[in-house]
Every structure is written in C-alpha cells, then in structure tokens.
Amino acid sequence: MEMDTLGAGGSASGGGITMRGWLSKKGEGNKAKKKRWFIHEGTKLFYFVQPTDKQCKGYIDLSNFSVVVSPPARKGFPFQITVPGRMFHLQAKTEQERGAWISALQNFKQGKAASSVPPMDAAALAKLQERVQALQANPDVDVAYVAKMERDLDYARRDLQRLTEELRRSSERELDLQSRLEAQSKKSSRKASPPPKQKTDKKDKRVDMPTTPTRQRVRPGQTLTKAEISELLELLEILQDDRRYLECIEVLDKHPAIEEEPAARGLRSRLNRMMR
C-alpha cells in the first residue's frame, strides 16, 4: 500500500504531516480521473503530480468539511470530500487505503472540534478559581459576594462537563454513522450486477478486438521545411514543459519525420518512460 500514516506528525491545529499517499482525483472541468500524490498537513490536503514535486497542483481546505463513502467502482474505492462550494471526488486503489484516509480525516475533524471549545472554557474556569481564592483570602471582602462567585464557579464547572459530554456523544454518533455508510457500501457492492461479457464470434470463437491506429509514415518525397521543423520542435518543448506527454506523442505520430532531427531523437522512448 503506497501510503504513510504519521501518527506523531501533527495535531488538529498544527502544521505536521499526518497522512500521505496516492489517490485518483476527478477534475472540476475535466471529468477524467488523474493519479495525484496527496499530503495532509494541518488544515490543508495538498495534491501533487509527483511525490518529488515542490509545487502543489492545488489543495483542499479542511476548515469545514464532511466525508461521504460511495459504493466500490470497477477500478477502485471512491469517496467524496465536501467543502463549502465544491465536492472533491477521490478514489483509493484498495478498500484498506480508503479506510485509512477516512479514519485520518475523521480523527483530524474530531481533534479539531475537541480543541476548539474546552481550552477556552478551562482557561476561564482557572481564572475564575483564582479570583475566588483571592477573595477568600481577604478578610475584608463581602461574604455575599464570595458566595456569588462560588456559585458562578460551580455553574462554570457544570457547563464544562456538559460541553465535554455533548462533544463525546457527537463523536460517537459520527463514528456510528460512518460505520453504517461503510456497511451500506459493502452491501451495495455485493448486489451490483457483474459486468457484461464480451461478445465472441460463434464461428471461430475469437474475440473481436479493437484495432489500433497505425502510425503514419512519410511517403518518399514528402519533406518538411526548416520553418516547419523549427515550429514543431518548439511545440514539442512547450508540451513537455507542461507535462502534456500524450499530445507530444500525437505530434510525433502525425509528423514522424521530426524524429529524424537530432533534437527529437529518442524523444518517444523518453515520453513513454515518463508516462509509466
């Protein structure tokens, strides 16, 4: 499983890396799924083209989000992260990888909620206790005022206990809902019909496979001018810088004579290696 969970890397509020690994992501405009390297750090879920890239392609803001699990697909296990204004469609290669990502995101969300309310109340409670002790130590203080402060302190303790209990129940409800969604997705996958079988020819029992287009060759006498060669080489360089490798190969298929130029020799094999 090509992923890494870093338990000691960071907290809900901090800047440590807590999770990283490969996921497929569906684009907002282009619906094709592309493999991206994801890193969860703090309140951001960054994604890169390669793990060694220093510049990310984008990120998902986890300040306010929810996670939804979908039934298994033919080539993976999808889930969605919903943030205000957009839903991100992601897909893990295995069910274990999807479970690890969902657990990491839910743990981050629960830790973020737990750290947002009680610390402030605890600080106020300590400050109030300090004031009560100071008043009790002063013999000239009004007894009725001290009694009122003690009642306020008791109310603050009760409020803190109530908030802690509500937070615990909310976390339990969220985990229960998550387990139900996973059980429902497994149940739906078992009921899903198998993919249709490929039709075969009854006469020779051979499968009709789609033919691949043959590469266009230059006919004798068909040449490119120096200006055309220069433009094609410049186009190939731009496409490589943008990592549009498939379009580079289409240019080479359309103009195979360009591969005879010194600047383009061996380019096709390099492109195939980079696309693996």
# chains A, B, ... in the order shown; residues from 1 in each chain; ligands from 1
call {"tool": "residues_around", "arguments": {"residues": "Ser70 (chain A)", "least_positions_apart": "3", "cutoff": "8 Å", "atoms": "only C-alpha atoms", "output": "list in words"}}
result
Phe77, Pro78, Phe79, Gln80 and Ser185 of chain A
call {"tool": "write_last_selection", "arguments": {"atoms": "all heavy atoms", "output": "short mmCIF file (atom, residue, chain, number, x, y, z; two decimals), in the first residue's frame"}}
result
data_model
loop_
_atom_site.label_atom_id
_atom_site.label_comp_id
_atom_site.auth_asym_id
_atom_site.auth_seq_id
_atom_site.Cartn_x
_atom_site.Cartn_y
_atom_site.Cartn_z
N PHE A 77 -12.03 2.33 -5.03
CA PHE A 77 -12.98 2.54 -3.94
C PHE A 77 -13.12 4.05 -3.72
O PHE A 77 -12.27 4.69 -3.11
CB PHE A 77 -12.48 1.85 -2.67
CG PHE A 77 -12.46 0.35 -2.80
CD1 PHE A 77 -11.38 -0.28 -3.41
CD2 PHE A 77 -13.52 -0.41 -2.36
CE1 PHE A 77 -11.35 -1.66 -3.55
CE2 PHE A 77 -13.49 -1.79 -2.49
CZ PHE A 77 -12.41 -2.42 -3.09
N PRO A 78 -14.19 4.65 -4.26
CA PRO A 78 -14.34 6.11 -4.23
C PRO A 78 -14.89 6.64 -2.91
O PRO A 78 -15.56 5.93 -2.16
CB PRO A 78 -15.32 6.37 -5.39
CG PRO A 78 -16.13 5.13 -5.47
CD PRO A 78 -15.25 3.99 -5.04
N PHE A 79 -14.60 7.91 -2.66
CA PHE A 79 -15.22 8.67 -1.58
C PHE A 79 -15.14 10.14 -1.96
O PHE A 79 -14.40 10.53 -2.85
CB PHE A 79 -14.54 8.39 -0.23
CG PHE A 79 -13.11 8.81 -0.15
CD1 PHE A 79 -12.73 10.01 0.44
CD2 PHE A 79 -12.10 7.99 -0.65
CE1 PHE A 79 -11.41 10.39 0.53
CE2 PHE A 79 -10.77 8.36 -0.56
CZ PHE A 79 -10.42 9.56 0.02
N GLN A 80 -15.95 10.95 -1.27
CA GLN A 80 -16.03 12.37 -1.60
C GLN A 80 -15.75 13.21 -0.35
O GLN A 80 -16.14 12.85 0.75
CB GLN A 80 -17.42 12.75 -2.15
CG GLN A 80 -17.76 12.15 -3.49
CD GLN A 80 -18.21 10.71 -3.37
OE1 GLN A 80 -18.95 10.36 -2.46
NE2 GLN A 80 -17.76 9.86 -4.28
N SER A 185 -22.23 0.51 1.80
CA SER A 185 -21.47 0.45 0.55
C SER A 185 -21.06 -0.98 0.22
O SER A 185 -21.08 -1.41 -0.93
CB SER A 185 -20.24 1.34 0.65
OG SER A 185 -19.34 0.85 1.62
#
call {"tool": "closest_residue", "arguments": {"among": "A:Gln110, A:Ala263, A:Val132, A:Ala32", "to": "Tyr145 (chain A)", "atoms": "only C-alpha atoms"}}
result
A:Val132
call {"tool": "residues_around", "arguments": {"residues": "Gly21 (chain A)", "least_positions_apart": "2", "cutoff": "12 Å", "atoms": "only C-alpha atoms", "output": "ChimeraX atom specification"}}
result
/A:1-6,17-19,23-24,35-40,45-51,91-93,97-98,100-101
call {"tool": "select_by_dssp", "arguments": {"residues": "region 216-256 of chain A", "states": "alpha helix (DSSP H)", "output": "PyMOL selection string"}}
result
chain A and resi 226-241+245-254
call {"tool": "closest_residue", "arguments": {"among": "A:Arg244, A:Glu260, A:Gly85, A:Leu125", "to": "Met274 (chain A)", "atoms": "only C-alpha atoms"}}
result
A:Arg244
call {"tool": "atom_distance", "arguments": {"atom1": "CA of Gln240 (chain A)", "atom2": "CA of Arg265 (chain A)"}}
result
14.5 Å
call {"tool": "atom_distance", "arguments": {"atom1": "CA of Glu28 (chain A)", "atom2": "CA of Ser66 (chain A)"}}
result
18.1 Å
call {"tool": "atom_distance", "arguments": {"atom1": "CA of Leu128 (chain A)", "atom2": "CA of Glu165 (chain A)"}}
result
21.7 Å
